[in-house]
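Text of data_1.pdb, listed as PDB, C-alpha atoms:
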```
MODEL        1
ATOM      1  CA  MET A 737       0.000   0.000   0.000
ATOM      2  CA  ALA A 738       1.305   3.475  -0.922
ATOM      3  CA  SER A 739       2.492   5.715   1.865
ATOM      4  CA  SER A 740       0.336   8.630   2.928
ATOM      5  CA  ALA A 741       2.914  11.105   1.640
ATOM      6  CA  ALA A 742       2.912   9.447  -1.776
ATOM      7  CA  ILE A 743      -0.879   9.577  -1.949
ATOM      8  CA  ASP A 744      -0.846  13.221  -0.876
ATOM      9  CA  GLY A 745       1.691  14.091  -3.539
ATOM     10  CA  VAL A 746      -0.499  12.460  -6.167
ATOM     11  CA  ALA A 747      -3.450  14.630  -5.084
ATOM     12  CA  ALA A 748      -1.418  17.835  -5.375
ATOM     13  CA  THR A 749      -0.192  16.823  -8.832
ATOM     14  CA  ALA A 750      -3.728  15.933  -9.873
ATOM     15  CA  LEU A 751      -4.955  19.345  -8.689
ATOM     16  CA  ARG A 752      -2.435  21.085 -10.925
ATOM     17  CA  SER A 753      -3.604  18.967 -13.860
ATOM     18  CA  VAL A 754      -7.243  19.888 -13.175
ATOM     19  CA  LEU A 755      -6.416  23.600 -12.982
ATOM     20  CA  HIS A 756      -4.593  23.328 -16.319
ATOM     21  CA  ARG A 757      -7.624  21.619 -17.877
ATOM     22  CA  VAL A 758      -9.870  24.375 -16.478
ATOM     23  CA  GLN A 759      -7.601  26.946 -18.101
ATOM     24  CA  LEU A 760      -7.800  25.168 -21.475
ATOM     25  CA  ALA A 761     -11.599  24.843 -21.286
ATOM     26  CA  ALA A 762     -11.901  28.513 -20.394
ATOM     27  CA  ASP A 763      -9.637  29.515 -23.280
ATOM     28  CA  LYS A 764     -11.678  27.388 -25.659
ATOM     29  CA  SER A 765     -14.885  29.178 -24.684
ATOM     30  CA  GLY A 766     -13.401  32.671 -24.610
ATOM     31  CA  ARG A 767     -13.576  32.955 -20.829
ATOM     32  CA  ARG A 768     -11.047  33.750 -18.124
ATOM     33  CA  ALA A 769     -10.049  30.849 -15.854
ATOM     34  CA  GLU A 770     -10.318  33.237 -12.880
ATOM     35  CA  GLU A 771     -14.101  33.268 -13.443
ATOM     36  CA  ILE A 772     -14.310  29.566 -12.615
ATOM     37  CA  ARG A 773     -14.035  28.262  -9.065
ATOM     38  CA  VAL A 774     -12.713  24.746  -8.523
ATOM     39  CA  VAL A 775     -14.171  23.078  -5.433
ATOM     40  CA  ALA A 776     -11.947  20.173  -4.394
ATOM     41  CA  VAL A 777     -14.314  17.539  -2.975
ATOM     42  CA  SER A 778     -12.405  15.175  -0.717
ATOM     43  CA  LYS A 779     -15.288  12.993   0.505
ATOM     44  CA  THR A 780     -13.778  10.047   2.385
ATOM     45  CA  LYS A 781     -10.154  11.209   2.265
ATOM     46  CA  PRO A 782      -8.358  12.142   5.515
ATOM     47  CA  ALA A 783      -7.421  15.695   6.457
ATOM     48  CA  SER A 784      -3.740  14.943   5.722
ATOM     49  CA  VAL A 785      -4.529  14.526   2.024
ATOM     50  CA  LEU A 786      -6.479  17.779   1.968
ATOM     51  CA  ARG A 787      -3.535  19.474   3.640
ATOM     52  CA  GLN A 788      -1.262  18.531   0.748
ATOM     53  CA  VAL A 789      -3.703  20.076  -1.736
ATOM     54  CA  TYR A 790      -3.921  23.131   0.532
ATOM     55  CA  ASP A 791      -0.112  23.338   0.603
ATOM     56  CA  ALA A 792      -0.168  23.295  -3.200
ATOM     57  CA  GLY A 793      -2.051  26.602  -2.980
ATOM     58  CA  HIS A 794      -5.698  25.557  -3.119
ATOM     59  CA  ARG A 795      -8.198  27.109  -0.705
ATOM     60  CA  CYS A 796     -11.666  25.957  -1.783
ATOM     61  CA  PHE A 797     -12.819  22.546  -0.542
ATOM     62  CA  GLY A 798     -16.180  20.786  -0.483
ATOM     63  CA  GLU A 799     -17.863  17.954   1.369
ATOM     64  CA  ASN A 800     -21.027  15.926   0.805
ATOM     65  CA  TYR A 801     -21.608  14.804   4.390
ATOM     66  CA  VAL A 802     -21.954  16.875   7.553
ATOM     67  CA  GLN A 803     -20.004  14.317   9.586
ATOM     68  CA  GLU A 804     -17.026  14.564   7.227
ATOM     69  CA  ILE A 805     -16.844  18.348   7.184
ATOM     70  CA  VAL A 806     -17.271  18.825  10.947
ATOM     71  CA  GLU A 807     -14.447  16.341  11.562
ATOM     72  CA  LYS A 808     -12.021  17.762   8.985
ATOM     73  CA  ALA A 809     -12.559  21.516   9.201
ATOM     74  CA  PRO A 810     -11.089  21.960  12.724
ATOM     75  CA  GLN A 811      -7.974  20.030  11.649
ATOM     76  CA  LEU A 812      -7.248  22.354   8.759
ATOM     77  CA  PRO A 813      -6.348  26.060   8.341
ATOM     78  CA  GLU A 814      -9.052  28.633   8.939
ATOM     79  CA  ASP A 815      -8.574  30.381   5.596
ATOM     80  CA  ILE A 816     -10.129  27.452   3.728
ATOM     81  CA  GLU A 817     -13.441  28.269   2.031
ATOM     82  CA  TRP A 818     -15.674  25.282   2.714
ATOM     83  CA  HIS A 819     -18.609  24.430   0.464
ATOM     84  CA  PHE A 820     -21.268  21.994   1.622
ATOM     85  CA  ILE A 821     -22.663  20.265  -1.465
ATOM     86  CA  GLY A 822     -24.664  17.311  -0.132
ATOM     87  CA  ASN A 823     -28.222  16.767   0.960
ATOM     88  CA  LEU A 824     -28.729  18.745   4.164
ATOM     89  CA  GLN A 825     -31.275  17.768   6.799
ATOM     90  CA  SER A 826     -32.753  20.400   9.111
ATOM     91  CA  ASN A 827     -31.401  18.734  12.262
ATOM     92  CA  LYS A 828     -27.847  18.904  10.876
ATOM     93  CA  VAL A 829     -27.870  22.649  10.128
ATOM     94  CA  LYS A 830     -26.819  23.884  13.575
ATOM     95  CA  PRO A 831     -24.018  21.298  14.022
ATOM     96  CA  LEU A 832     -22.715  22.219  10.561
ATOM     97  CA  LEU A 833     -22.734  25.980  11.067
ATOM     98  CA  THR A 834     -21.352  25.935  14.603
ATOM     99  CA  ALA A 835     -18.530  23.482  13.823
ATOM    100  CA  VAL A 836     -17.452  25.168  10.573
ATOM    101  CA  PRO A 837     -17.286  28.952  11.068
ATOM    102  CA  ASN A 838     -15.437  29.241   7.745
ATOM    103  CA  LEU A 839     -18.299  27.617   5.819
ATOM    104  CA  ALA A 840     -18.433  29.822   2.730
ATOM    105  CA  MET A 841     -21.418  28.346   0.916
ATOM    106  CA  VAL A 842     -24.179  25.748   1.002
ATOM    107  CA  GLU A 843     -24.783  24.644  -2.592
ATOM    108  CA  SER A 844     -27.711  22.324  -1.936
ATOM    109  CA  VAL A 845     -30.716  24.387  -0.785
ATOM    110  CA  ASP A 846     -33.662  22.637  -2.415
ATOM    111  CA  ASP A 847     -36.776  23.763  -0.545
ATOM    112  CA  GLU A 848     -38.138  26.537   1.671
ATOM    113  CA  LYS A 849     -37.858  24.421   4.817
ATOM    114  CA  ILE A 850     -34.080  24.062   4.652
ATOM    115  CA  ALA A 851     -33.710  27.711   3.597
ATOM    116  CA  ASN A 852     -35.727  28.810   6.618
ATOM    117  CA  ARG A 853     -33.693  26.629   8.962
ATOM    118  CA  LEU A 854     -30.386  27.951   7.618
ATOM    119  CA  ASN A 855     -31.686  31.517   7.912
ATOM    120  CA  THR A 856     -32.741  30.978  11.534
ATOM    121  CA  VAL A 857     -29.503  29.316  12.643
ATOM    122  CA  VAL A 858     -27.275  31.895  10.920
ATOM    123  CA  SER A 859     -29.136  34.571  12.870
ATOM    124  CA  SER A 860     -29.039  32.699  16.189
ATOM    125  CA  ILE A 861     -25.282  32.078  16.146
ATOM    126  CA  GLY A 862     -24.496  35.585  14.927
ATOM    127  CA  ARG A 863     -22.405  34.713  11.891
ATOM    128  CA  LYS A 864     -22.311  36.779   8.705
ATOM    129  CA  PRO A 865     -24.923  36.021   6.027
ATOM    130  CA  LEU A 866     -24.389  32.614   4.411
ATOM    131  CA  LYS A 867     -24.020  32.273   0.661
ATOM    132  CA  VAL A 868     -26.325  29.660  -0.845
ATOM    133  CA  LEU A 869     -27.041  28.052  -4.184
ATOM    134  CA  LEU A 870     -30.353  26.430  -5.070
ATOM    135  CA  GLN A 871     -30.031  22.798  -6.129
ATOM    136  CA  VAL A 872     -32.101  22.098  -9.237
ATOM    137  CA  ASN A 873     -33.136  18.635 -10.382
ATOM    138  CA  THR A 874     -32.340  19.013 -14.078
ATOM    139  CA  SER A 875     -32.535  15.312 -14.936
ATOM    140  CA  GLY A 876     -36.071  14.662 -13.676
ATOM    141  CA  GLU A 877     -34.947  11.594 -11.712
ATOM    142  CA  GLU A 878     -36.976  10.960  -8.568
ATOM    143  CA  SER A 879     -33.896   9.779  -6.661
ATOM    144  CA  LYS A 880     -32.225  13.157  -7.061
ATOM    145  CA  SER A 881     -32.633  15.990  -4.586
ATOM    146  CA  GLY A 882     -33.383  19.404  -5.968
ATOM    147  CA  VAL A 883     -36.206  21.749  -6.750
ATOM    148  CA  GLU A 884     -37.965  21.157 -10.054
ATOM    149  CA  PRO A 885     -36.987  23.691 -12.729
ATOM    150  CA  SER A 886     -40.541  25.040 -12.627
ATOM    151  CA  GLY A 887     -40.106  25.847  -8.925
ATOM    152  CA  CYS A 888     -36.793  27.707  -9.242
ATOM    153  CA  VAL A 889     -38.163  31.217  -9.421
ATOM    154  CA  GLU A 890     -40.433  30.797  -6.401
ATOM    155  CA  LEU A 891     -37.641  29.370  -4.244
ATOM    156  CA  ALA A 892     -35.166  32.042  -5.387
ATOM    157  CA  LYS A 893     -37.673  34.744  -4.456
ATOM    158  CA  HIS A 894     -38.189  33.168  -1.041
ATOM    159  CA  VAL A 895     -34.455  33.066  -0.288
ATOM    160  CA  SER A 896     -33.846  36.577  -1.630
ATOM    161  CA  LEU A 897     -36.838  38.279  -0.013
ATOM    162  CA  ASP A 898     -37.682  36.231   3.093
ATOM    163  CA  CYS A 899     -34.277  34.985   4.283
ATOM    164  CA  PRO A 900     -32.238  38.079   5.223
ATOM    165  CA  ASN A 901     -29.410  35.965   6.663
ATOM    166  CA  LEU A 902     -28.873  34.101   3.408
ATOM    167  CA  GLU A 903     -27.253  35.477   0.268
ATOM    168  CA  PHE A 904     -28.704  34.000  -2.915
ATOM    169  CA  CYS A 905     -25.743  33.399  -5.231
ATOM    170  CA  GLY A 906     -27.021  31.094  -7.959
ATOM    171  CA  LEU A 907     -27.993  27.584  -8.995
ATOM    172  CA  MET A 908     -26.453  24.106  -8.778
ATOM    173  CA  THR A 909     -27.194  20.794 -10.440
ATOM    174  CA  ILE A 910     -25.802  17.283 -10.078
ATOM    175  CA  GLY A 911     -27.139  15.820 -13.313
ATOM    176  CA  MET A 912     -27.786  12.156 -13.972
ATOM    177  CA  LEU A 913     -27.868   9.224 -11.564
ATOM    178  CA  ASP A 914     -24.278   8.269 -12.377
ATOM    179  CA  TYR A 915     -23.193  11.864 -11.659
ATOM    180  CA  SER A 916     -22.537  12.560 -15.304
ATOM    181  CA  SER A 917     -24.472  15.302 -17.027
ATOM    182  CA  THR A 918     -25.733  15.849 -20.513
ATOM    183  CA  PRO A 919     -25.758  19.150 -22.394
ATOM    184  CA  GLU A 920     -29.518  19.177 -21.767
ATOM    185  CA  ASN A 921     -28.940  19.226 -17.981
ATOM    186  CA  PHE A 922     -26.607  22.182 -18.331
ATOM    187  CA  LYS A 923     -28.971  24.000 -20.719
ATOM    188  CA  THR A 924     -31.834  23.477 -18.275
ATOM    189  CA  LEU A 925     -29.833  25.093 -15.481
ATOM    190  CA  ALA A 926     -28.858  28.027 -17.709
ATOM    191  CA  ASN A 927     -32.510  28.491 -18.651
ATOM    192  CA  CYS A 928     -33.474  28.459 -14.977
ATOM    193  CA  ARG A 929     -30.873  31.159 -14.336
ATOM    194  CA  ALA A 930     -32.348  33.355 -17.063
ATOM    195  CA  GLU A 931     -35.818  33.035 -15.522
ATOM    196  CA  VAL A 932     -34.608  33.637 -11.968
ATOM    197  CA  CYS A 933     -32.534  36.679 -12.909
ATOM    198  CA  LYS A 934     -35.433  38.185 -14.811
ATOM    199  CA  ALA A 935     -37.764  37.640 -11.842
ATOM    200  CA  LEU A 936     -35.285  39.083  -9.328
ATOM    201  CA  GLY A 937     -34.130  41.896 -11.597
ATOM    202  CA  ILE A 938     -30.463  40.981 -11.407
ATOM    203  CA  PRO A 939     -27.898  40.488 -14.209
ATOM    204  CA  GLU A 940     -27.047  36.898 -15.072
ATOM    205  CA  GLU A 941     -23.394  37.599 -14.266
ATOM    206  CA  GLN A 942     -24.426  37.868 -10.598
ATOM    207  CA  CYS A 943     -25.996  34.405 -10.605
ATOM    208  CA  GLU A 944     -23.566  31.484 -10.426
ATOM    209  CA  LEU A 945     -23.950  28.171 -12.212
ATOM    210  CA  SER A 946     -22.475  25.283 -10.230
ATOM    211  CA  MET A 947     -22.359  22.425 -12.693
ATOM    212  CA  GLY A 948     -19.763  19.959 -13.811
ATOM    213  CA  MET A 949     -17.913  17.255 -11.917
ATOM    214  CA  SER A 950     -14.926  15.017 -12.637
ATOM    215  CA  ALA A 951     -16.468  13.400 -15.723
ATOM    216  CA  ASP A 952     -17.773  16.506 -17.457
ATOM    217  CA  PHE A 953     -16.351  19.722 -15.995
ATOM    218  CA  GLU A 954     -14.742  20.860 -19.243
ATOM    219  CA  GLN A 955     -18.040  20.648 -21.098
ATOM    220  CA  ALA A 956     -19.748  22.430 -18.201
ATOM    221  CA  ILE A 957     -17.234  25.291 -18.371
ATOM    222  CA  GLU A 958     -17.832  25.639 -22.098
ATOM    223  CA  MET A 959     -21.547  25.914 -21.324
ATOM    224  CA  GLY A 960     -21.121  28.623 -18.713
ATOM    225  CA  SER A 961     -20.314  26.970 -15.392
ATOM    226  CA  THR A 962     -18.729  29.245 -12.796
ATOM    227  CA  ASN A 963     -18.211  26.536 -10.163
ATOM    228  CA  VAL A 964     -17.005  22.978 -10.806
ATOM    229  CA  ARG A 965     -16.922  20.294  -8.111
ATOM    230  CA  ILE A 966     -14.004  17.918  -8.609
ATOM    231  CA  GLY A 967     -13.595  14.855  -6.396
ATOM    232  CA  SER A 968     -12.137  11.625  -7.746
ATOM    233  CA  THR A 969      -9.997  13.302 -10.432
ATOM    234  CA  ILE A 970      -8.058  15.061  -7.655
ATOM    235  CA  PHE A 971      -8.351  12.650  -4.733
ATOM    236  CA  GLY A 972      -8.894   9.283  -6.393
ATOM    237  CA  PRO A 973     -11.904   7.005  -5.790
ATOM    238  CA  ARG A 974     -13.741   7.157  -2.487
ATOM    239  CA  GLU A 975     -12.562   4.828   0.247
ATOM    240  CA  TYR A 976     -15.143   3.166   2.458
ATOM    241  CA  PRO A 977     -14.188   1.264   5.629
ATOM    242  CA  LYS A 978     -16.080  -1.884   4.668
ATOM    243  CA  LYS A 979     -14.334  -2.223   1.325
ATOM    244  CA  GLN A 980     -10.931  -3.817   1.069
ATOM    245  CA  SER A 981      -8.528  -1.427  -0.628
ATOM    246  CA  THR A 982      -6.704  -2.861  -3.598
TER     247      THR A 982
ENDMDL
END
```

Represent the structure from my file as structure tokens, please.
Amino acid sequence: MASSAAIDGVAATALRSVLHRVQLAADKSGRRAEEIRVVAVSKTKPASVLRQVYDAGHRCFGENYVQEIVEKAPQLPEDIEWHFIGNLQSNKVKPLLTAVPNLAMVESVDDEKIANRLNTVVSSIGRKPLKVLLQVNTSGEESKSGVEPSGCVELAKHVSLDCPNLEFCGLMTIGMLDYSSTPENFKTLANCRAEVCKALGIPEEQCELSMGMSADFEQAIEMGSTNVRIGSTIFGPREYPKKQST
């Protein structure tokens, strides 16, 4: 089995490769790479591996599970910008916000209930307004979390007008069941953005599109993504305790 240092070094090298690919995709679509945020999603990897990516200069990290982020965040530098990108239950909101004061964004707000809970807890603990994205179910699969595209405008209005402790920043989508996306998924999200921005009276440049993961981030960038969430391409496949590592 490879040493921890060797694994860490691989992650840092992989990050540099991803950033180069982001640059190429941006160039291809006439955009600046600085407009595109790369969220490094470590999932089951230990804090030591994240630290190597941090030491390579990266500051934006994401997690899918509350348990993972509340364990790792205190072990790592405070200038990390954490993104929570997984399904968030109301009873996990306070533990998340209290344990991770440097939580920069929740990308997975998908109904008024979770928006209201986030708004209440942000107020009660006295932290600055929390940036949020609305998760949109662009694939129409029942197993996927996310507001239906037809409900985007209503939810965006609720967050913008009725949740003073939240800052509406844009939209996010996961795509298909296997976490890949099709151009149609990306087009659906872009269409939702146009509708939301018209309803809120804001320019589209102020509304982020979080779309694209390891398998399709270059295509997502070419279709307007401002935020790509990269896990396995940087950190390798997830490791679960029950599975024997090969």

At a cut-off of 10 Å, using all atoms listed in the file, what residues contact Glu817 in chain A? Leave out same-chain residues fewer than 3 positions from it and give the result as number ranges by chain.
A: 775, 794-798, 809, 813-814, 836-841

Written as number ranges by chain, what is the full residue list that the PyMOL selection byres ((chain A and resi 747) around 8) yields on the file shown?
A: 743-746, 748-751, 785, 788-789, 970-972

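Residues in contact with Asn855 in chain A at up to 10 Å, not including ones fewer than 2 positions away on its chain and judged by only C-alpha atoms, are Val829, Lys849, Ile850, Ala851, Asn852, Arg853, Val857, Val858, Ser859, Ser860, Pro865, Leu866, Val895, Asp898, Cys899, Pro900, Asn901, Leu902 and Glu903 of chain A.
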
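You can rank A:Gln942, A:Gln811, A:Gln803, A:Thr918 by their closest distance to Pro831 in chain A using all atoms listed in the file, and at the top of that list sits A:Gln803.
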
For the PyMOL selection byres ((chain A and resi 952) around 12), applied here, can you spell out every residue it catches as a JSON list (two decimals) with C-alpha atoms, in the frame of the given file?
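Wrote selection.json, looks like this:
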```json
[["chain", "number", "residue", "atom", "x", "y", "z"],
["A", 754, "VAL", "CA", -7.24, 19.89, -13.18],
["A", 757, "ARG", "CA", -7.62, 21.62, -17.88],
["A", 758, "VAL", "CA", -9.87, 24.38, -16.48],
["A", 761, "ALA", "CA", -11.60, 24.84, -21.29],
["A", 910, "ILE", "CA", -25.80, 17.28, -10.08],
["A", 911, "GLY", "CA", -27.14, 15.82, -13.31],
["A", 912, "MET", "CA", -27.79, 12.16, -13.97],
["A", 914, "ASP", "CA", -24.28, 8.27, -12.38],
["A", 915, "TYR", "CA", -23.19, 11.86, -11.66],
["A", 916, "SER", "CA", -22.54, 12.56, -15.30],
["A", 917, "SER", "CA", -24.47, 15.30, -17.03],
["A", 918, "THR", "CA", -25.73, 15.85, -20.51],
["A", 919, "PRO", "CA", -25.76, 19.15, -22.39],
["A", 921, "ASN", "CA", -28.94, 19.23, -17.98],
["A", 922, "PHE", "CA", -26.61, 22.18, -18.33],
["A", 947, "MET", "CA", -22.36, 22.42, -12.69],
["A", 948, "GLY", "CA", -19.76, 19.96, -13.81],
["A", 949, "MET", "CA", -17.91, 17.26, -11.92],
["A", 950, "SER", "CA", -14.93, 15.02, -12.64],
["A", 951, "ALA", "CA", -16.47, 13.40, -15.72],
["A", 953, "PHE", "CA", -16.35, 19.72, -16.00],
["A", 954, "GLU", "CA", -14.74, 20.86, -19.24],
["A", 955, "GLN", "CA", -18.04, 20.65, -21.10],
["A", 956, "ALA", "CA", -19.75, 22.43, -18.20],
["A", 957, "ILE", "CA", -17.23, 25.29, -18.37],
["A", 958, "GLU", "CA", -17.83, 25.64, -22.10],
["A", 959, "MET", "CA", -21.55, 25.91, -21.32],
["A", 961, "SER", "CA", -20.31, 26.97, -15.39],
["A", 964, "VAL", "CA", -17.00, 22.98, -10.81],
["A", 965, "ARG", "CA", -16.92, 20.29, -8.11],
["A", 966, "ILE", "CA", -14.00, 17.92, -8.61],
["A", 967, "GLY", "CA", -13.60, 14.86, -6.40],
["A", 969, "THR", "CA", -10.00, 13.30, -10.43]]
```

Nearest candidate to Leu936 in chain A (options A:Ser968, A:Thr924, A:Ser896, A:Thr962; using all atoms listed in the file)
A:Ser896

Quick one: which residues end up in the PyMOL selection byres ((chain A and resi 770) around 12) for this structure, as a ChimeraX atom specification?
/A:755-756,758-759,761-763,767-769,771-774,957,962-963

Pick out the residues sitting within 9 Å of Asn823 in chain A, and hand them over as a PDB file with C-alpha atoms, keeping the file's coordinate frame; count only C-alpha atoms, and ignore anything fewer than 5 positions along from it in its own chain.
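Ended up saving to selection26.pdb:
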```
ATOM      1  CA  ASN A 800     -21.027  15.926   0.805  1.00  0.00           C
ATOM      2  CA  TYR A 801     -21.608  14.804   4.390  1.00  0.00           C
ATOM      3  CA  SER A 844     -27.711  22.324  -1.936  1.00  0.00           C
ATOM      4  CA  VAL A 845     -30.716  24.387  -0.785  1.00  0.00           C
ATOM      5  CA  ASP A 846     -33.662  22.637  -2.415  1.00  0.00           C
ATOM      6  CA  SER A 881     -32.633  15.990  -4.586  1.00  0.00           C
TER       7      SER A 881
END
```

Counting only C-alpha atoms, closest pick from A:Glu944, A:Glu878, A:Glu807, A:Glu884 relative to Ala835 in chain A is A:Glu807

Record the distance separating CA of Leu907 in chain A and CA of Glu804 in chain A, expressed in Å with one decimal.
23.5 Å

Listed atoms of range 958-971 of chain A boxed along x, y and z, 3 Å each side, centre and edge lengths in Å, one decimal, as JSON:
```
{"center_x": -14.8, "center_y": 20.4, "center_z": -13.4, "size_x": 19.5, "size_y": 23.6, "size_z": 23.4}
```

What is the CA of Pro782 in chain A to CA of His819 in chain A distance in Å?
16.8 Å

Could you work out how far CA of Glu799 in chain A lies from CA of Cys928 in chain A, giving the answer in Å with one decimal?
24.9 Å

Shortest interatomic distance to Val883 in chain A - which of A:Glu975, A:Glu941, A:Asp815, A:Asp847, counting only C-alpha atoms:
A:Asp847

Around (-31.6, 34.3, -15.0) in the file's frame, which residues reach within 10 Å when counting all atoms listed in the file? Return as a ChimeraX atom specification?
/A:889,906-907,925-944
